[in-house]
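Notes follow the structure.
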Amino acid sequence: MTRSDWDDLPATVREAITEHTGPICCIHPAAVGNHADIASTVVGEDGRKVFVKAARKLADKDGPEVLSLRTEARVNPFVTEFAPRLQWTTEAGGWLVLGFEHLTGRHPDYAPGSPDLDIIAATVQRLQKTPTPEIVERPVTMRWALPDEDPSPMDGQALLHTDLNTSNLIITPQESVCIVDWAFVARGAAWVELGQMIPWLLSAGHAPQSAETWLNQFPAWADAPASSIDHYARLHTKVWTRRAEARPEPWIPPYLASVRRWAEFRGVLE
């Protein structure tokens, strides 16, 4: 999606934001991400920073971006061990706005041999042990709901962020890991979280075998039936092949190439 500029916000929305931030001296748009119309670090005149995400409602209902922000707001109290705290919300002028704790840090490196991989692994291990809040109702199987296909091998009750790409992870100066953008949080088989990481590991330079070797440190992956992982790899390729045909977004073809490379490695393409 194409993001809006801060100046596109109606005056009533900007006024509602400044009720929380005070007068604003500067705004730094986020360089990555695509689940909000506005995503920016806002700096108040007193130097305080807050990360603001905002989405415009449709004429008669919440659009997908607004629904994503509502999901983030609902789950945030249950994942503050991992995520920046939601400090406030406001609705005005047909917009929903969330104000998050601002983080200083960097995105990790998934390349083979990167020391960041150990830090990320420790965080993912903790995430895999986190109970799933009742408010997380979305089944991850919805991602592969295709005609004449059965996504049930991916079914389960584990808490899944589902998109642990490097843009959604921030390593702080204290070497702790924060996970952002919980728009697609779901419940499902715990190993699915790990399978979702494979395209990002491959795009960072891993071979399919080394990516799977890295994932074997996680019990959920090591213990998952090979047939279930094969089924996931095939369905995931099928879904993203269709999306690539329907959505001309520049990041999709390289992602699909990684998805297909792994599926070919597992020998599951038709």
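Convention: chains lettered A, B, ... in structure tokens order; per-chain residue numbering from 1; ligands numbered from 1 as shown.
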When you look at Met154 of chain A with a cut-off of 9 Å (counting only C-alpha atoms), what residues show up, excluding the ones that are within fewer than 2 positions of it in the same chain? I need them as a ChimeraX atom specification.
/A:140-141,151-152,156,188-192,228-229,231-232
What gap, in Å, lies between atom CA of Leu58 of chain A and atom CA of Ile17 of chain A?
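Those two atoms sit 20.1 Å apart.
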At a cut-off of 10 Å, using only C-alpha atoms, what residues contact Gln196 of chain A? Leave out same-chain residues fewer than 5 positions from it and give the result as JSON, numbers by chain.
{"A": [160, 161, 162, 163, 164, 165, 191, 201, 232, 233, 236, 259]}
Taking N, CA and C atoms for each residue, export the selection above as a compact mmCIF listing (two decimals), in the first residue's frame.
# COMPACT_ATOMS: atom_id res chain seq x y z
N LEU A 160 0.84 -17.16 17.65
CA LEU A 160 1.69 -16.95 16.49
C LEU A 160 1.67 -15.47 16.08
N HIS A 161 2.84 -14.87 16.00
CA HIS A 161 2.94 -13.54 15.41
C HIS A 161 2.73 -13.62 13.91
N THR A 162 3.30 -14.60 13.28
CA THR A 162 3.16 -15.02 11.88
C THR A 162 4.01 -14.23 10.88
N ASP A 163 4.74 -13.20 11.31
CA ASP A 163 5.50 -12.42 10.34
C ASP A 163 6.79 -11.90 10.97
N LEU A 164 7.67 -12.83 11.35
CA LEU A 164 8.91 -12.45 12.01
C LEU A 164 10.00 -12.14 10.99
N ASN A 165 9.70 -11.22 10.08
CA ASN A 165 10.74 -10.75 9.17
C ASN A 165 11.56 -9.68 9.89
N TRP A 191 4.78 -24.81 15.11
CA TRP A 191 5.83 -24.89 14.09
C TRP A 191 5.57 -23.96 12.91
N LEU A 201 14.87 -16.14 5.98
CA LEU A 201 16.21 -16.72 6.16
C LEU A 201 16.88 -16.95 4.81
N TYR A 232 2.37 -27.74 4.19
CA TYR A 232 2.46 -26.29 4.37
C TYR A 232 3.30 -25.67 3.25
N ALA A 233 4.45 -26.24 2.93
CA ALA A 233 5.32 -25.69 1.90
C ALA A 233 4.61 -25.64 0.55
N HIS A 236 1.69 -22.99 0.84
CA HIS A 236 2.22 -21.63 0.94
C HIS A 236 2.66 -21.14 -0.44
N VAL A 259 10.02 -18.69 -1.36
CA VAL A 259 9.02 -19.70 -1.01
C VAL A 259 9.14 -20.90 -1.95
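When only C-alpha atoms are used to measure the gap to Glu19 of chain A, the shortest distance among A:Gln217, A:Thr90, A:Ser210, A:Ser258 belongs to A:Thr90.
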Looking only at the backbone, which of the residues in segment 16-255 of chain A does DSSP tag as strand (DSSP E or B), as a tab-separated table (two decimals) with N, CA and C atoms, in the first residue's frame?
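What landed in selection02.tsv:
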chain	number	residue	atom	x	y	z
A	24	ILE	N	4.00	19.35	18.58
A	24	ILE	CA	4.93	18.49	17.85
A	24	ILE	C	5.96	19.36	17.14
A	25	CYS	N	7.24	18.95	17.27
A	25	CYS	CA	8.29	19.73	16.60
A	25	CYS	C	8.78	19.07	15.32
A	26	CYS	N	8.72	17.72	15.25
A	26	CYS	CA	9.15	17.06	14.01
A	26	CYS	C	8.55	15.66	13.91
A	27	ILE	N	8.52	15.19	12.67
A	27	ILE	CA	7.89	13.90	12.35
A	27	ILE	C	8.83	13.13	11.43
A	28	HIS	N	9.08	11.85	11.77
A	28	HIS	CA	9.97	11.02	10.97
A	28	HIS	C	9.19	9.80	10.48
A	29	PRO	N	8.78	9.77	9.21
A	29	PRO	CA	8.02	8.62	8.69
A	29	PRO	C	8.85	7.33	8.76
A	38	ILE	N	-0.59	5.81	8.06
A	38	ILE	CA	0.45	6.66	8.64
A	38	ILE	C	1.24	5.82	9.64
A	39	ALA	N	2.56	5.89	9.57
A	39	ALA	CA	3.42	5.25	10.56
A	39	ALA	C	4.65	6.14	10.71
A	40	SER	N	4.74	6.85	11.83
A	40	SER	CA	5.79	7.85	11.99
A	40	SER	C	6.20	7.98	13.45
A	41	THR	N	7.47	8.32	13.63
A	41	THR	CA	7.94	8.73	14.95
A	41	THR	C	7.65	10.22	15.10
A	42	VAL	N	6.92	10.54	16.15
A	42	VAL	CA	6.53	11.93	16.40
A	42	VAL	C	7.32	12.44	17.60
A	43	VAL	N	7.95	13.57	17.43
A	43	VAL	CA	8.78	14.15	18.49
A	43	VAL	C	8.10	15.41	19.00
A	44	GLY	N	7.82	15.44	20.30
A	44	GLY	CA	7.21	16.60	20.90
A	44	GLY	C	8.22	17.71	21.16
A	49	LYS	N	9.31	11.15	22.48
A	49	LYS	CA	9.00	10.52	21.21
A	49	LYS	C	7.89	9.48	21.39
A	50	VAL	N	7.07	9.34	20.38
A	50	VAL	CA	6.05	8.30	20.36
A	50	VAL	C	5.93	7.81	18.93
A	51	PHE	N	5.70	6.51	18.78
A	51	PHE	CA	5.50	5.97	17.43
A	51	PHE	C	4.01	5.92	17.15
A	52	VAL	N	3.59	6.62	16.12
A	52	VAL	CA	2.17	6.77	15.81
A	52	VAL	C	1.82	5.97	14.56
A	53	LYS	N	0.77	5.16	14.68
A	53	LYS	CA	0.21	4.46	13.54
A	53	LYS	C	-1.24	4.90	13.40
A	54	ALA	N	-1.65	5.21	12.18
A	54	ALA	CA	-3.01	5.70	11.97
A	54	ALA	C	-3.56	5.10	10.68
A	55	ALA	N	-4.87	4.87	10.67
A	55	ALA	CA	-5.52	4.33	9.49
A	55	ALA	C	-6.87	5.00	9.29
A	56	ARG	N	-7.19	5.21	8.04
A	56	ARG	CA	-8.43	5.89	7.65
A	56	ARG	C	-9.54	4.86	7.53
A	86	LEU	N	1.48	-0.07	24.04
A	86	LEU	CA	0.51	0.88	23.50
A	86	LEU	C	0.19	1.89	24.59
A	87	GLN	N	0.47	3.16	24.34
A	87	GLN	CA	0.30	4.20	25.35
A	87	GLN	C	-1.05	4.88	25.29
A	88	TRP	N	-1.61	5.00	24.09
A	88	TRP	CA	-2.92	5.63	23.97
A	88	TRP	C	-3.52	5.33	22.61
A	89	THR	N	-4.83	5.49	22.52
A	89	THR	CA	-5.55	5.40	21.25
A	89	THR	C	-6.50	6.58	21.15
A	90	THR	N	-6.82	6.94	19.93
A	90	THR	CA	-7.80	7.99	19.73
A	90	THR	C	-8.50	7.77	18.40
A	91	GLU	N	-9.75	8.17	18.32
A	91	GLU	CA	-10.51	8.11	17.07
A	91	GLU	C	-11.11	9.49	16.82
A	92	ALA	N	-10.86	10.02	15.64
A	92	ALA	CA	-11.37	11.35	15.29
A	92	ALA	C	-11.34	11.51	13.78
A	95	TRP	N	-10.62	8.57	11.48
A	95	TRP	CA	-9.34	7.88	11.59
A	95	TRP	C	-9.23	7.20	12.95
A	96	LEU	N	-8.50	6.07	12.98
A	96	LEU	CA	-8.09	5.43	14.22
A	96	LEU	C	-6.59	5.63	14.35
A	97	VAL	N	-6.15	6.07	15.54
A	97	VAL	CA	-4.74	6.37	15.77
A	97	VAL	C	-4.26	5.65	17.03
A	98	LEU	N	-3.10	4.99	16.93
A	98	LEU	CA	-2.47	4.34	18.07
A	98	LEU	C	-1.13	5.00	18.35
A	99	GLY	N	-0.84	5.23	19.62
A	99	GLY	CA	0.45	5.78	20.03
A	99	GLY	C	1.23	4.77	20.83
A	100	PHE	N	2.36	4.31	20.30
A	100	PHE	CA	3.17	3.28	20.93
A	100	PHE	C	4.43	3.87	21.56
A	101	GLU	N	4.93	3.19	22.57
A	101	GLU	CA	6.24	3.47	23.11
A	101	GLU	C	7.26	3.50	21.96
A	106	ARG	N	17.97	-1.32	16.16
A	106	ARG	CA	18.27	-1.67	14.77
A	106	ARG	C	17.54	-2.96	14.41
A	139	PRO	N	-7.83	-18.11	13.39
A	139	PRO	CA	-7.03	-19.32	13.15
A	139	PRO	C	-6.04	-19.06	12.01
A	158	ALA	N	-1.32	-22.52	19.58
A	158	ALA	CA	-0.16	-21.71	19.97
A	158	ALA	C	-0.34	-20.27	19.51
A	159	LEU	N	0.28	-19.36	20.25
A	159	LEU	CA	0.28	-17.93	19.88
A	159	LEU	C	1.30	-17.72	18.77
A	160	LEU	N	0.84	-17.16	17.65
A	160	LEU	CA	1.69	-16.95	16.49
A	160	LEU	C	1.67	-15.47	16.08
A	169	LEU	N	11.34	-6.81	13.71
A	169	LEU	CA	12.15	-7.08	14.89
A	169	LEU	C	13.12	-5.92	15.10
A	170	ILE	N	13.24	-5.49	16.35
A	170	ILE	CA	14.15	-4.41	16.70
A	170	ILE	C	15.04	-4.88	17.84
A	171	ILE	N	16.35	-4.80	17.62
A	171	ILE	CA	17.31	-5.12	18.67
A	171	ILE	C	17.73	-3.81	19.32
A	177	VAL	N	15.28	-8.01	22.27
A	177	VAL	CA	14.56	-8.03	21.00
A	177	VAL	C	13.11	-7.63	21.22
A	178	CYS	N	12.64	-6.68	20.44
A	178	CYS	CA	11.23	-6.29	20.46
A	178	CYS	C	10.59	-6.70	19.14
A	179	ILE	N	9.38	-7.19	19.24
A	179	ILE	CA	8.62	-7.61	18.06
A	179	ILE	C	7.50	-6.62	17.84
A	186	ALA	N	-2.24	-14.72	15.33
A	186	ALA	CA	-3.21	-15.81	15.13
A	186	ALA	C	-2.87	-16.95	16.08
A	187	ARG	N	-3.75	-17.96	16.08
A	187	ARG	CA	-3.47	-19.19	16.81
A	187	ARG	C	-3.36	-20.34	15.81
A	188	GLY	N	-2.42	-21.24	16.10
A	188	GLY	CA	-2.21	-22.36	15.20
A	188	GLY	C	-1.12	-23.27	15.72
Tell me, as a VMD selection string, which residues lie within 12 Å of Gln125 of chain A, counting only C-alpha atoms; anything in the same chain fewer than 3 positions away does not count.
chain A and resid 82 118 to 122 128 to 130 159 to 160 190 to 191 193 to 194 215 to 221
Can you pull out every residue from segment 30-170 of chain A that DSSP, working from the backbone, puts in helix (DSSP H, G or I), and format the result as a PyMOL selection string?
chain A and resi 64-78+116-128+140-144+152-154+166-168
Given only C-alpha atoms as the basis, pick out the residue of A:Gly105, A:Pro208, A:Pro253, A:Pro248 nearest to Ser176 of chain A.
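Looking only at the distances to Ser176 of chain A, the closest residue turns out to be A:Gly105.
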Atomic distance atom CA of His20 of chain A - atom CA of Arg48 of chain A, expressed in Å with one decimal
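Interatomic distance, atom CA of His20 of chain A to atom CA of Arg48 of chain A: 11.1 Å.
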Enter the distance from atom CA of Val180 of chain A to atom CA of Ala83 of chain A, in Å, rounded to one decimal.
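About the pair atom CA of Val180 of chain A and atom CA of Ala83 of chain A: they are 5.7 Å apart.
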Counting only C-alpha atoms, give me one row per residue of segment 167-227 of chain A with an atom at most 9 Å from an atom of segment 72-80 of chain A, showing the shortest contact pair and its distance in Å to one decimal, sorted by chain then residue number, as a tab-separated table.
residue	atom	partner	partner_atom	distance
A:Asp181	CA	A:Glu72	CA	7.1
A:Trp182	CA	A:Glu72	CA	5.2
A:Ala183	CA	A:Glu72	CA	5.4
A:Phe184	CA	A:Glu72	CA	8.4
A:Val185	CA	A:Val75	CA	8.1
